[in-house]
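Following: one structure in structure tokens, then a few remarks.
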2 protein chains.
Amino acid sequence: MVSIKDVAKHAGVAISTVSKVLNDYPNVSEETKRKVNQAVQELNFVPNSVAAALSSKQSGRVALLLGLNTKTQAIDEIVMQYISGAINKAMEMGLDVITFFFSMFENKNVEEITRYLKAQSIHGIIIYGMSKEDKVLQKLINMQEFKAVLVDAPLYNPSTSTVWVNQEQAQYDVAKKTIVENKCKKVLYIAGKKNGYVTEERLKGIKRLAQDMDLDLMIKHGEFSELQARNIAFRFAKNKDVVVCASDLMAIGAMRALMEMDIFRPVCGFDGITLMGYAGKQMNTIRQNFAGVSSAAVEELHYLMNGGEGREKVLGYTIERMKYMDIIC
Amino acid sequence: MVSIKDVAKHAGVAISTVSKVLNDYPNVSEETKRKVNQAVQELNFVPNSVAAALSSKQSGRVALLLGLNTKTQAIDEIVMQYISGAINKAMEMGLDVITFFFSMFENKNVEEITRYLKAQSIHGIIIYGMSKEDKVLQKLINMQEFKAVLVDAPLYNPSTSTVWVNQEQAQYDVAKKTIVENKCKKVLYIAGKKNGYVTEERLKGIKRLAQDMDLDLMIKHGEFSELQARNIAFRFAKNKDVVVCASDLMAIGAMRALMEMDIFRPVCGFDGITLMGYAGKQMNTIRQNFAGVSSAAVEELHYLMNGGEGREKVLGYTIERMKYMDIIC
DNA sequence: CTGTTAGCGCCTTCAT
DNA sequence: ATGAAGGCGCTAACAG
């Protein structure tokens, strides 16, 4: 294995000099820079990131913490987009990423998690799918022992940033579109998981809309479950004239109930998952670019790890009308 | 950060002794073991895996290479199960895992990939979804620079193992069940991707069945695409009396075509994905335990990294009858 | 059975 | 602007 030592010898300079040009330190003449880079080329040198991590206290090792339910295929799609978006971007930026699931830390306290992460020389973390109930993670954030980026959770401090789309506005927009198109008044809103950050933001959105349009709004919690949404629709959709759901999966559940009851109500979803193609009905939904969000999160983490201050980053979204797929009906 | 040095001091022994008990070396008295372990407890010591990786040439850093199409939600489910199965098991066994996608290595040659992996102190890799066309990866395997486990690809050598379910037999069994139940004779078989290892094994299975039962067998390649399977079914299903598909997704495509043509033919799938619940019809399929396969792969890699010889591991599967879900029809 | 010592590959003061 | 030297935390001979 070719090491920095070989490069140094080959270029006729000291090891430390090589290290300096590798890490873009100042005070290196253009001439030596050139020599070193050439040696790197010729020897096909690839710096050993493990050694770098051990030596420096500010390495590029990053953890992905995934706290998303891996039970539903709809969500798998989202998680995969998060993962691949992050990993691709991280690789591009020369960061090492290690992936974890919340379940691994289930019975551990903050100190244990911190120790574990530190033992891995991890200096930055990206957290997906954190809810208000994840007290341990919140402590982790508050301790600021790591640079962190939260995806879809509105918490930030000097060493923590938040990256998310404006859920409130998105819910407002997609629901409004559906309601205006169909001239509705009585709304059944099937919300997500109680104590979920995203759920609450979306709730705010629909509430604001109800206010603005003077709607009759009924709110039920479907916990992001297709089945629960289905049951809710069974019980309450009949004397409403539109069903607004906080996720596509719940929208599917609601639609099924409506079909079984043999009544028509416009439904709108949220997420823009591929699975919607299987829903069998036309509906509006919010398309989020999950890979893009994840990629932005990595950039944000990089920014933090280089001395940036925690902040909030809001990304865009688009409203999409799913095509009518009556093939399966 | 508490290091091995602190533990040594606290326990009143040498650093190397601590290292020995940590790594289960022989020749350590029970007494000192006890002392060291106690010190570890009291100090909440967590060994730094990065330092270990740097120091030893046989560390526990492992790479997951994912070569699966991440475009279809059905496959996301499978990939997620692979990933979480592997990561969970790896954590349990004290291995560090780094996740990669084939796409990252697209325009790299074997040497570059090898260098990159080595620079990461990676000594073992698990490869998912490799096909016959992935020449570079095959070279990587043949060079035996890394201990490797291939999932669903029948290649092995002294430092490479294969873990997979018996695809040939599974295809045979599920097709037979469907055919016997419905007393069929003329079979339309929609195969997967050309040059895919799994595809070929399944093909062998259906061919053997055709032989054994004296069936009239037509084979078409659907490339694991729902749309292509749909088109194939449109063209050829009419004068067959059963459609056997090499994946659930294709089975859905075929079923849609049948419905649109308003004819009934029994269909059988392969994989056991959750999405089948949305298919709208009853069908037989093969349920594979992807997380289990992945977990087994990690164990196998561990075995290899500890001096084991490459071998083939065949896992089980079950035939499953998807429930009738006419809700959406 | 235990301790001493020399690295692993790189980063980072501190002199020069 | 450059180089020498001392670690980072751990492993692995080698003595004792």
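Within each chain, counting starts at residue 1; across the structure tokens, chains are named A, B, ... in the order shown, with ligands numbered 1 upward in that order.
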Where does segment 95-128 of chain B meet chain C within 12 Å, residue by residue, with the nearest atom pair and distance in Å to one decimal for each, counting only C-alpha atoms (C1' of nucleotides), listed by chain and rising number, as a Markdown table?
| residue | atom | partner | partner_atom | distance |
| --- | --- | --- | --- | --- |
| B:Ala119 | CA | C:DG9 | C1' | 9.9 |
| B:Gln120 | CA | C:DG9 | C1' | 11.6 |
| B:Ser121 | CA | C:DC8 | C1' | 10.9 |
Would you save the residues of that selection, restricted to all heavy atoms, as an mmCIF file, in the first residue's frame?
data_model
loop_
_atom_site.group_PDB
_atom_site.id
_atom_site.type_symbol
_atom_site.label_atom_id
_atom_site.label_comp_id
_atom_site.auth_asym_id
_atom_site.auth_seq_id
_atom_site.Cartn_x
_atom_site.Cartn_y
_atom_site.Cartn_z
ATOM 1 N N ALA B 119 -7.808 1.961 1.269
ATOM 2 C CA ALA B 119 -7.572 3.229 1.955
ATOM 3 C C ALA B 119 -8.585 3.416 3.075
ATOM 4 O O ALA B 119 -8.377 4.178 3.998
ATOM 5 C CB ALA B 119 -7.663 4.384 0.969
ATOM 6 N N GLN B 120 -9.677 2.691 2.972
ATOM 7 C CA GLN B 120 -10.702 2.762 4.002
ATOM 8 C C GLN B 120 -10.510 1.659 5.040
ATOM 9 O O GLN B 120 -11.380 1.441 5.874
ATOM 10 C CB GLN B 120 -12.078 2.607 3.368
ATOM 11 C CG GLN B 120 -12.428 3.702 2.396
ATOM 12 C CD GLN B 120 -13.360 4.724 3.013
ATOM 13 O OE1 GLN B 120 -13.473 4.823 4.235
ATOM 14 N NE2 GLN B 120 -14.017 5.479 2.177
ATOM 15 N N SER B 121 -9.408 0.946 4.909
ATOM 16 C CA SER B 121 -9.148 -0.172 5.827
ATOM 17 C C SER B 121 -10.256 -1.213 5.803
ATOM 18 O O SER B 121 -10.575 -1.806 6.825
ATOM 19 C CB SER B 121 -8.960 0.318 7.260
ATOM 20 O OG SER B 121 -7.829 1.120 7.352
#
DC8 of chain D surroundings by only C-alpha atoms (C1' of nucleotides), 12 Å radius, close-in-sequence under 2 positions cut, as a PDB file with all heavy atoms, in the first residue's frame:
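This went into result12.pdb:
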ATOM      1  N   VAL A  50      -8.764   6.223   7.509  1.00  0.00           N
ATOM      2  CA  VAL A  50      -8.796   5.739   8.883  1.00  0.00           C
ATOM      3  C   VAL A  50      -7.653   6.368   9.686  1.00  0.00           C
ATOM      4  O   VAL A  50      -7.848   6.863  10.797  1.00  0.00           O
ATOM      5  CB  VAL A  50      -8.688   4.202   8.913  1.00  0.00           C
ATOM      6  CG1 VAL A  50      -8.476   3.720  10.324  1.00  0.00           C
ATOM      7  CG2 VAL A  50      -9.940   3.598   8.319  1.00  0.00           C
ATOM      8  N   ALA A  51      -6.489   6.391   9.079  1.00  0.00           N
ATOM      9  CA  ALA A  51      -5.349   7.005   9.761  1.00  0.00           C
ATOM     10  C   ALA A  51      -5.613   8.490   9.970  1.00  0.00           C
ATOM     11  O   ALA A  51      -5.313   9.044  11.035  1.00  0.00           O
ATOM     12  CB  ALA A  51      -4.075   6.806   8.945  1.00  0.00           C
ATOM     13  N   ALA A  52      -6.186   9.106   8.964  1.00  0.00           N
ATOM     14  CA  ALA A  52      -6.485  10.532   9.077  1.00  0.00           C
ATOM     15  C   ALA A  52      -7.457  10.779  10.225  1.00  0.00           C
ATOM     16  O   ALA A  52      -7.285  11.705  11.011  1.00  0.00           O
ATOM     17  CB  ALA A  52      -7.068  11.045   7.771  1.00  0.00           C
ATOM     18  N   ALA A  53      -8.450   9.925  10.306  1.00  0.00           N
ATOM     19  CA  ALA A  53      -9.451  10.079  11.355  1.00  0.00           C
ATOM     20  C   ALA A  53      -8.815   9.922  12.727  1.00  0.00           C
ATOM     21  O   ALA A  53      -9.144  10.638  13.669  1.00  0.00           O
ATOM     22  CB  ALA A  53     -10.556   9.061  11.173  1.00  0.00           C
ATOM     23  N   LEU A  54      -7.913   8.989  12.825  1.00  0.00           N
ATOM     24  CA  LEU A  54      -7.268   8.744  14.119  1.00  0.00           C
ATOM     25  C   LEU A  54      -6.386   9.924  14.510  1.00  0.00           C
ATOM     26  O   LEU A  54      -6.382  10.377  15.648  1.00  0.00           O
ATOM     27  CB  LEU A  54      -6.405   7.478  14.036  1.00  0.00           C
ATOM     28  CG  LEU A  54      -5.631   7.151  15.310  1.00  0.00           C
ATOM     29  CD1 LEU A  54      -6.593   6.929  16.462  1.00  0.00           C
ATOM     30  CD2 LEU A  54      -4.770   5.927  15.099  1.00  0.00           C
ATOM     31  N   SER A  55      -5.658  10.392  13.543  1.00  0.00           N
ATOM     32  CA  SER A  55      -4.675  11.437  13.820  1.00  0.00           C
ATOM     33  C   SER A  55      -5.319  12.786  14.118  1.00  0.00           C
ATOM     34  O   SER A  55      -5.018  13.419  15.124  1.00  0.00           O
ATOM     35  CB  SER A  55      -3.748  11.555  12.621  1.00  0.00           C
ATOM     36  OG  SER A  55      -2.816  12.562  12.824  1.00  0.00           O
ATOM     37  N   SER A  56      -6.186  13.211  13.226  1.00  0.00           N
ATOM     38  CA  SER A  56      -6.764  14.533  13.439  1.00  0.00           C
ATOM     39  C   SER A  56      -8.019  14.412  14.268  1.00  0.00           C
ATOM     40  O   SER A  56      -8.645  13.382  14.328  1.00  0.00           O
ATOM     41  CB  SER A  56      -7.098  15.189  12.108  1.00  0.00           C
ATOM     42  OG  SER A  56      -8.397  14.868  11.716  1.00  0.00           O
ATOM     43  N   LYS A  57      -8.390  15.484  14.891  1.00  0.00           N
ATOM     44  CA  LYS A  57      -9.613  15.451  15.698  1.00  0.00           C
ATOM     45  C   LYS A  57     -10.790  15.993  14.905  1.00  0.00           C
ATOM     46  O   LYS A  57     -11.865  16.188  15.416  1.00  0.00           O
ATOM     47  CB  LYS A  57      -9.392  16.267  16.971  1.00  0.00           C
ATOM     48  CG  LYS A  57      -8.572  15.562  18.027  1.00  0.00           C
ATOM     49  CD  LYS A  57      -9.267  14.315  18.591  1.00  0.00           C
ATOM     50  CE  LYS A  57      -8.521  13.034  18.297  1.00  0.00           C
ATOM     51  NZ  LYS A  57      -9.266  11.804  18.522  1.00  0.00           N
ATOM     52  N   GLN A  58     -10.550  16.261  13.628  1.00  0.00           N
ATOM     53  CA  GLN A  58     -11.641  16.867  12.873  1.00  0.00           C
ATOM     54  C   GLN A  58     -11.775  16.151  11.542  1.00  0.00           C
ATOM     55  O   GLN A  58     -11.615  16.748  10.484  1.00  0.00           O
ATOM     56  CB  GLN A  58     -11.352  18.337  12.646  1.00  0.00           C
ATOM     57  CG  GLN A  58     -12.592  19.127  12.303  1.00  0.00           C
ATOM     58  CD  GLN A  58     -12.480  19.885  11.014  1.00  0.00           C
ATOM     59  OE1 GLN A  58     -11.830  20.923  10.959  1.00  0.00           O
ATOM     60  NE2 GLN A  58     -13.118  19.377   9.953  1.00  0.00           N
ATOM     61  N   SER A 121     -14.862   7.592  15.984  1.00  0.00           N
ATOM     62  CA  SER A 121     -14.303   8.828  15.414  1.00  0.00           C
ATOM     63  C   SER A 121     -15.312   9.577  14.558  1.00  0.00           C
ATOM     64  O   SER A 121     -14.943  10.189  13.560  1.00  0.00           O
ATOM     65  CB  SER A 121     -13.066   8.526  14.561  1.00  0.00           C
ATOM     66  OG  SER A 121     -12.047   8.012  15.338  1.00  0.00           O
TER      67      SER A 121
ATOM     68  N   MET B   1     -11.649  11.610  26.327  1.00  0.00           N
ATOM     69  CA  MET B   1     -11.962  10.244  25.877  1.00  0.00           C
ATOM     70  C   MET B   1     -11.117   9.213  26.612  1.00  0.00           C
ATOM     71  O   MET B   1      -9.894   9.297  26.614  1.00  0.00           O
ATOM     72  CB  MET B   1     -11.691  10.130  24.382  1.00  0.00           C
ATOM     73  CG  MET B   1     -12.009   8.761  23.854  1.00  0.00           C
ATOM     74  SD  MET B   1     -11.854   8.680  22.088  1.00  0.00           S
ATOM     75  CE  MET B   1     -12.711   7.141  21.786  1.00  0.00           C
ATOM     76  N   SER B   3      -9.146   5.973  27.125  1.00  0.00           N
ATOM     77  CA  SER B   3      -8.446   5.073  26.211  1.00  0.00           C
ATOM     78  C   SER B   3      -7.941   3.814  26.917  1.00  0.00           C
ATOM     79  O   SER B   3      -8.058   3.678  28.129  1.00  0.00           O
ATOM     80  CB  SER B   3      -7.263   5.790  25.578  1.00  0.00           C
ATOM     81  OG  SER B   3      -6.203   5.825  26.510  1.00  0.00           O
ATOM     82  N   ASN B  48     -11.626   2.202  20.604  1.00  0.00           N
ATOM     83  CA  ASN B  48     -11.698   3.014  19.398  1.00  0.00           C
ATOM     84  C   ASN B  48     -11.454   2.134  18.173  1.00  0.00           C
ATOM     85  O   ASN B  48     -10.341   1.703  17.910  1.00  0.00           O
ATOM     86  CB  ASN B  48     -10.659   4.120  19.490  1.00  0.00           C
ATOM     87  CG  ASN B  48     -10.714   5.029  18.296  1.00  0.00           C
ATOM     88  OD1 ASN B  48     -10.931   4.578  17.175  1.00  0.00           O
ATOM     89  ND2 ASN B  48     -10.535   6.309  18.531  1.00  0.00           N
ATOM     90  N   VAL B  50     -11.443   2.806  15.101  1.00  0.00           N
ATOM     91  CA  VAL B  50     -10.616   3.392  14.062  1.00  0.00           C
ATOM     92  C   VAL B  50      -9.136   3.101  14.333  1.00  0.00           C
ATOM     93  O   VAL B  50      -8.395   2.683  13.439  1.00  0.00           O
ATOM     94  CB  VAL B  50     -10.865   4.907  13.968  1.00  0.00           C
ATOM     95  CG1 VAL B  50      -9.854   5.550  13.054  1.00  0.00           C
ATOM     96  CG2 VAL B  50     -12.266   5.161  13.479  1.00  0.00           C
ATOM     97  N   ALA B  51      -8.759   3.290  15.566  1.00  0.00           N
ATOM     98  CA  ALA B  51      -7.379   3.001  15.933  1.00  0.00           C
ATOM     99  C   ALA B  51      -7.074   1.517  15.738  1.00  0.00           C
ATOM    100  O   ALA B  51      -6.021   1.140  15.241  1.00  0.00           O
ATOM    101  CB  ALA B  51      -7.117   3.401  17.378  1.00  0.00           C
ATOM    102  N   ALA B  52      -8.021   0.700  16.122  1.00  0.00           N
ATOM    103  CA  ALA B  52      -7.839  -0.740  15.959  1.00  0.00           C
ATOM    104  C   ALA B  52      -7.648  -1.090  14.490  1.00  0.00           C
ATOM    105  O   ALA B  52      -6.787  -1.888  14.130  1.00  0.00           O
ATOM    106  CB  ALA B  52      -9.029  -1.486  16.536  1.00  0.00           C
ATOM    107  N   LEU B  54      -6.554   0.787  12.147  1.00  0.00           N
ATOM    108  CA  LEU B  54      -5.276   1.275  11.657  1.00  0.00           C
ATOM    109  C   LEU B  54      -4.149   0.352  12.086  1.00  0.00           C
ATOM    110  O   LEU B  54      -3.261   0.013  11.307  1.00  0.00           O
ATOM    111  CB  LEU B  54      -5.016   2.687  12.188  1.00  0.00           C
ATOM    112  CG  LEU B  54      -3.688   3.301  11.781  1.00  0.00           C
ATOM    113  CD1 LEU B  54      -3.609   3.420  10.273  1.00  0.00           C
ATOM    114  CD2 LEU B  54      -3.514   4.655  12.423  1.00  0.00           C
ATOM    115  N   SER B  55      -4.221  -0.028  13.313  1.00  0.00           N
ATOM    116  CA  SER B  55      -3.139  -0.808  13.903  1.00  0.00           C
ATOM    117  C   SER B  55      -3.083  -2.232  13.354  1.00  0.00           C
ATOM    118  O   SER B  55      -2.045  -2.700  12.900  1.00  0.00           O
ATOM    119  CB  SER B  55      -3.316  -0.830  15.402  1.00  0.00           C
ATOM    120  OG  SER B  55      -2.330  -1.621  15.985  1.00  0.00           O
TER     121      SER B  55
ATOM    122  P    DC C   8       5.025   1.039   9.996  1.00  0.00           P
ATOM    123  OP1  DC C   8       5.658   0.150   8.988  1.00  0.00           O
ATOM    124  OP2  DC C   8       5.327   2.483  10.006  1.00  0.00           O
ATOM    125  O5'  DC C   8       3.449   0.936   9.884  1.00  0.00           O
ATOM    126  C5'  DC C   8       2.723  -0.262  10.092  1.00  0.00           C
ATOM    127  C4'  DC C   8       1.261   0.102  10.099  1.00  0.00           C
ATOM    128  O4'  DC C   8       0.852   0.347  11.467  1.00  0.00           O
ATOM    129  C3'  DC C   8       0.950   1.359   9.317  1.00  0.00           C
ATOM    130  O3'  DC C   8       0.314   1.005   8.094  1.00  0.00           O
ATOM    131  C2'  DC C   8      -0.006   2.168  10.204  1.00  0.00           C
ATOM    132  C1'  DC C   8      -0.043   1.423  11.543  1.00  0.00           C
ATOM    133  N1   DC C   8       0.376   2.224  12.725  1.00  0.00           N
ATOM    134  C2   DC C   8      -0.432   2.242  13.873  1.00  0.00           C
ATOM    135  O2   DC C   8      -1.485   1.604  13.868  1.00  0.00           O
ATOM    136  N3   DC C   8      -0.022   2.952  14.949  1.00  0.00           N
ATOM    137  C4   DC C   8       1.134   3.633  14.909  1.00  0.00           C
ATOM    138  N4   DC C   8       1.504   4.310  15.990  1.00  0.00           N
ATOM    139  C5   DC C   8       1.965   3.626  13.753  1.00  0.00           C
ATOM    140  C6   DC C   8       1.553   2.917  12.696  1.00  0.00           C
ATOM    141  P    DG C   9       0.921   1.622   6.721  1.00  0.00           P
ATOM    142  OP1  DG C   9       0.327   0.826   5.640  1.00  0.00           O
ATOM    143  OP2  DG C   9       2.383   1.764   6.845  1.00  0.00           O
ATOM    144  O5'  DG C   9       0.305   3.080   6.670  1.00  0.00           O
ATOM    145  C5'  DG C   9      -1.104   3.249   6.583  1.00  0.00           C
ATOM    146  C4'  DG C   9      -1.446   4.692   6.865  1.00  0.00           C
ATOM    147  O4'  DG C   9      -1.118   4.993   8.233  1.00  0.00           O
ATOM    148  C3'  DG C   9      -0.706   5.713   6.010  1.00  0.00           C
ATOM    149  O3'  DG C   9      -1.662   6.535   5.382  1.00  0.00           O
ATOM    150  C2'  DG C   9       0.187   6.455   6.994  1.00  0.00           C
ATOM    151  C1'  DG C   9      -0.577   6.289   8.301  1.00  0.00           C
ATOM    152  N9   DG C   9       0.255   6.326   9.496  1.00  0.00           N
ATOM    153  C8   DG C   9       1.530   5.839   9.645  1.00  0.00           C
ATOM    154  N7   DG C   9       2.013   6.006  10.850  1.00  0.00           N
ATOM    155  C5   DG C   9       0.983   6.637  11.541  1.00  0.00           C
ATOM    156  C6   DG C   9       0.933   7.065  12.886  1.00  0.00           C
ATOM    157  O6   DG C   9       1.789   6.956  13.766  1.00  0.00           O
ATOM    158  N1   DG C   9      -0.292   7.658  13.192  1.00  0.00           N
ATOM    159  C2   DG C   9      -1.326   7.818  12.296  1.00  0.00           C
ATOM    160  N2   DG C   9      -2.419   8.409  12.761  1.00  0.00           N
ATOM    161  N3   DG C   9      -1.283   7.422  11.038  1.00  0.00           N
ATOM    162  C4   DG C   9      -0.104   6.844  10.728  1.00  0.00           C
ATOM    163  P    DC C  10      -1.347   7.802   4.588  1.00  0.00           P
ATOM    164  OP1  DC C  10      -2.376   7.970   3.564  1.00  0.00           O
ATOM    165  OP2  DC C  10       0.082   7.784   4.222  1.00  0.00           O
ATOM    166  O5'  DC C  10      -1.598   8.931   5.660  1.00  0.00           O
ATOM    167  C5'  DC C  10      -2.925   9.126   6.156  1.00  0.00           C
ATOM    168  C4'  DC C  10      -2.877  10.019   7.372  1.00  0.00           C
ATOM    169  O4'  DC C  10      -1.875   9.536   8.273  1.00  0.00           O
ATOM    170  C3'  DC C  10      -2.504  11.460   7.074  1.00  0.00           C
ATOM    171  O3'  DC C  10      -3.674  12.252   7.223  1.00  0.00           O
ATOM    172  C2'  DC C  10      -1.457  11.827   8.128  1.00  0.00           C
ATOM    173  C1'  DC C  10      -1.438  10.629   9.049  1.00  0.00           C
ATOM    174  N1   DC C  10      -0.105  10.304   9.592  1.00  0.00           N
ATOM    175  C2   DC C  10       0.153  10.596  10.919  1.00  0.00           C
ATOM    176  O2   DC C  10      -0.715  11.150  11.603  1.00  0.00           O
ATOM    177  N3   DC C  10       1.370  10.298  11.433  1.00  0.00           N
ATOM    178  C4   DC C  10       2.298   9.698  10.669  1.00  0.00           C
ATOM    179  N4   DC C  10       3.487   9.405  11.218  1.00  0.00           N
ATOM    180  C5   DC C  10       2.047   9.379   9.298  1.00  0.00           C
ATOM    181  C6   DC C  10       0.838   9.698   8.800  1.00  0.00           C
ATOM    182  P    DC C  11      -3.651  13.800   6.864  1.00  0.00           P
ATOM    183  OP1  DC C  11      -5.007  14.150   6.409  1.00  0.00           O
ATOM    184  OP2  DC C  11      -2.477  14.069   6.020  1.00  0.00           O
ATOM    185  O5'  DC C  11      -3.423  14.485   8.278  1.00  0.00           O
ATOM    186  C5'  DC C  11      -4.381  14.267   9.300  1.00  0.00           C
ATOM    187  C4'  DC C  11      -3.908  14.921  10.577  1.00  0.00           C
ATOM    188  O4'  DC C  11      -2.635  14.348  10.968  1.00  0.00           O
ATOM    189  C3'  DC C  11      -3.690  16.427  10.483  1.00  0.00           C
ATOM    190  O3'  DC C  11      -4.224  16.979  11.669  1.00  0.00           O
ATOM    191  C2'  DC C  11      -2.171  16.569  10.432  1.00  0.00           C
ATOM    192  C1'  DC C  11      -1.736  15.392  11.295  1.00  0.00           C
ATOM    193  N1   DC C  11      -0.366  14.848  11.055  1.00  0.00           N
ATOM    194  C2   DC C  11       0.497  14.716  12.151  1.00  0.00           C
ATOM    195  O2   DC C  11       0.111  15.099  13.269  1.00  0.00           O
ATOM    196  N3   DC C  11       1.731  14.189  11.954  1.00  0.00           N
ATOM    197  C4   DC C  11       2.100  13.782  10.734  1.00  0.00           C
ATOM    198  N4   DC C  11       3.331  13.259  10.599  1.00  0.00           N
ATOM    199  C5   DC C  11       1.241  13.903   9.611  1.00  0.00           C
ATOM    200  C6   DC C  11       0.017  14.444   9.810  1.00  0.00           C
ATOM    201  P    DT C  12      -4.584  18.530  11.745  1.00  0.00           P
ATOM    202  OP1  DT C  12      -5.945  18.660  12.297  1.00  0.00           O
ATOM    203  OP2  DT C  12      -4.245  19.150  10.457  1.00  0.00           O
ATOM    204  O5'  DT C  12      -3.561  19.046  12.826  1.00  0.00           O
ATOM    205  C5'  DT C  12      -2.970  18.122  13.734  1.00  0.00           C
ATOM    206  C4'  DT C  12      -1.868  18.830  14.506  1.00  0.00           C
ATOM    207  O4'  DT C  12      -0.594  18.207  14.179  1.00  0.00           O
ATOM    208  C3'  DT C  12      -1.712  20.305  14.191  1.00  0.00           C
ATOM    209  O3'  DT C  12      -1.335  20.975  15.376  1.00  0.00           O
ATOM    210  C2'  DT C  12      -0.602  20.315  13.165  1.00  0.00           C
ATOM    211  C1'  DT C  12       0.294  19.191  13.711  1.00  0.00           C
ATOM    212  N1   DT C  12       1.175  18.536  12.711  1.00  0.00           N
ATOM    213  C2   DT C  12       2.343  17.954  13.156  1.00  0.00           C
ATOM    214  O2   DT C  12       2.687  17.942  14.309  1.00  0.00           O
ATOM    215  N3   DT C  12       3.091  17.358  12.172  1.00  0.00           N
ATOM    216  C4   DT C  12       2.793  17.318  10.807  1.00  0.00           C
ATOM    217  O4   DT C  12       3.547  16.765  10.019  1.00  0.00           O
ATOM    218  C5   DT C  12       1.559  17.952  10.424  1.00  0.00           C
ATOM    219  C7   DT C  12       1.137  17.962   8.976  1.00  0.00           C
ATOM    220  C6   DT C  12       0.817  18.528  11.375  1.00  0.00           C
TER     221       DT C  12
ATOM    222  P    DG D   6      10.594  13.312  19.457  1.00  0.00           P
ATOM    223  OP1  DG D   6      11.611  13.558  20.486  1.00  0.00           O
ATOM    224  OP2  DG D   6      10.581  12.035  18.711  1.00  0.00           O
ATOM    225  O5'  DG D   6       9.163  13.501  20.127  1.00  0.00           O
ATOM    226  C5'  DG D   6       8.629  14.819  20.313  1.00  0.00           C
ATOM    227  C4'  DG D   6       7.108  14.760  20.267  1.00  0.00           C
ATOM    228  O4'  DG D   6       6.653  14.682  18.888  1.00  0.00           O
ATOM    229  C3'  DG D   6       6.529  13.529  20.966  1.00  0.00           C
ATOM    230  O3'  DG D   6       5.375  13.935  21.690  1.00  0.00           O
ATOM    231  C2'  DG D   6       6.168  12.593  19.816  1.00  0.00           C
ATOM    232  C1'  DG D   6       5.741  13.596  18.752  1.00  0.00           C
ATOM    233  N9   DG D   6       5.802  13.128  17.381  1.00  0.00           N
ATOM    234  C8   DG D   6       6.758  12.332  16.792  1.00  0.00           C
ATOM    235  N7   DG D   6       6.521  12.102  15.522  1.00  0.00           N
ATOM    236  C5   DG D   6       5.333  12.785  15.267  1.00  0.00           C
ATOM    237  C6   DG D   6       4.589  12.903  14.066  1.00  0.00           C
ATOM    238  O6   DG D   6       4.839  12.427  12.962  1.00  0.00           O
ATOM    239  N1   DG D   6       3.452  13.685  14.255  1.00  0.00           N
ATOM    240  C2   DG D   6       3.085  14.269  15.437  1.00  0.00           C
ATOM    241  N2   DG D   6       1.964  14.984  15.420  1.00  0.00           N
ATOM    242  N3   DG D   6       3.780  14.170  16.559  1.00  0.00           N
ATOM    243  C4   DG D   6       4.881  13.416  16.405  1.00  0.00           C
ATOM    244  P    DC D  10      -8.062   2.584  22.548  1.00  0.00           P
ATOM    245  OP1  DC D  10      -9.430   2.075  22.613  1.00  0.00           O
ATOM    246  OP2  DC D  10      -7.313   2.834  23.798  1.00  0.00           O
ATOM    247  O5'  DC D  10      -7.240   1.576  21.645  1.00  0.00           O
ATOM    248  C5'  DC D  10      -7.766   1.243  20.357  1.00  0.00           C
ATOM    249  C4'  DC D  10      -6.761   0.439  19.580  1.00  0.00           C
ATOM    250  O4'  DC D  10      -5.526   1.171  19.532  1.00  0.00           O
ATOM    251  C3'  DC D  10      -6.431  -0.915  20.191  1.00  0.00           C
ATOM    252  O3'  DC D  10      -6.923  -1.936  19.337  1.00  0.00           O
ATOM    253  C2'  DC D  10      -4.913  -0.959  20.263  1.00  0.00           C
ATOM    254  C1'  DC D  10      -4.474   0.246  19.454  1.00  0.00           C
ATOM    255  N1   DC D  10      -3.258   0.896  20.002  1.00  0.00           N
ATOM    256  C2   DC D  10      -2.065   0.795  19.291  1.00  0.00           C
ATOM    257  O2   DC D  10      -2.046   0.162  18.232  1.00  0.00           O
ATOM    258  N3   DC D  10      -0.957   1.397  19.793  1.00  0.00           N
ATOM    259  C4   DC D  10      -1.009   2.076  20.936  1.00  0.00           C
ATOM    260  N4   DC D  10       0.114   2.662  21.370  1.00  0.00           N
ATOM    261  C5   DC D  10      -2.219   2.189  21.681  1.00  0.00           C
ATOM    262  C6   DC D  10      -3.308   1.580  21.182  1.00  0.00           C
TER     263       DC D  10
END
Backbone DSSP call of helix (DSSP H, G or I) for segment 44-293 of chain A, listed as an MDAnalysis selection string: chainID A and resid 49:55 73:92 102:105 110:119 135:143 167:182 197:213 226:236 248:261 274:278 290:293
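Picture a line from atom CA of Met259 of chain A to atom CA of Ala237 of chain A; it runs 11.4 Å.
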If we count only C-alpha atoms (C1' of nucleotides), which residues of chain D reach to within 9 Å of chain A? Please list them as an mmCIF file with C-alpha atoms (C1' of nucleotides), in the first residue's frame.
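Resulting contents of iface23.cif:
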data_model
loop_
_atom_site.group_PDB
_atom_site.id
_atom_site.type_symbol
_atom_site.label_atom_id
_atom_site.label_comp_id
_atom_site.auth_asym_id
_atom_site.auth_seq_id
_atom_site.Cartn_x
_atom_site.Cartn_y
_atom_site.Cartn_z
ATOM 1 C "C1'" DA D 1 8.472 27.810 3.056
ATOM 2 C "C1'" DT D 2 10.040 23.365 4.808
ATOM 3 C "C1'" DG D 3 11.237 19.527 7.834
ATOM 4 C "C1'" DA D 4 11.781 16.886 12.279
ATOM 5 C "C1'" DG D 7 1.539 11.758 19.113
ATOM 6 C "C1'" DC D 8 -3.743 9.672 17.948
ATOM 7 C "C1'" DG D 9 -5.341 4.594 20.294
#
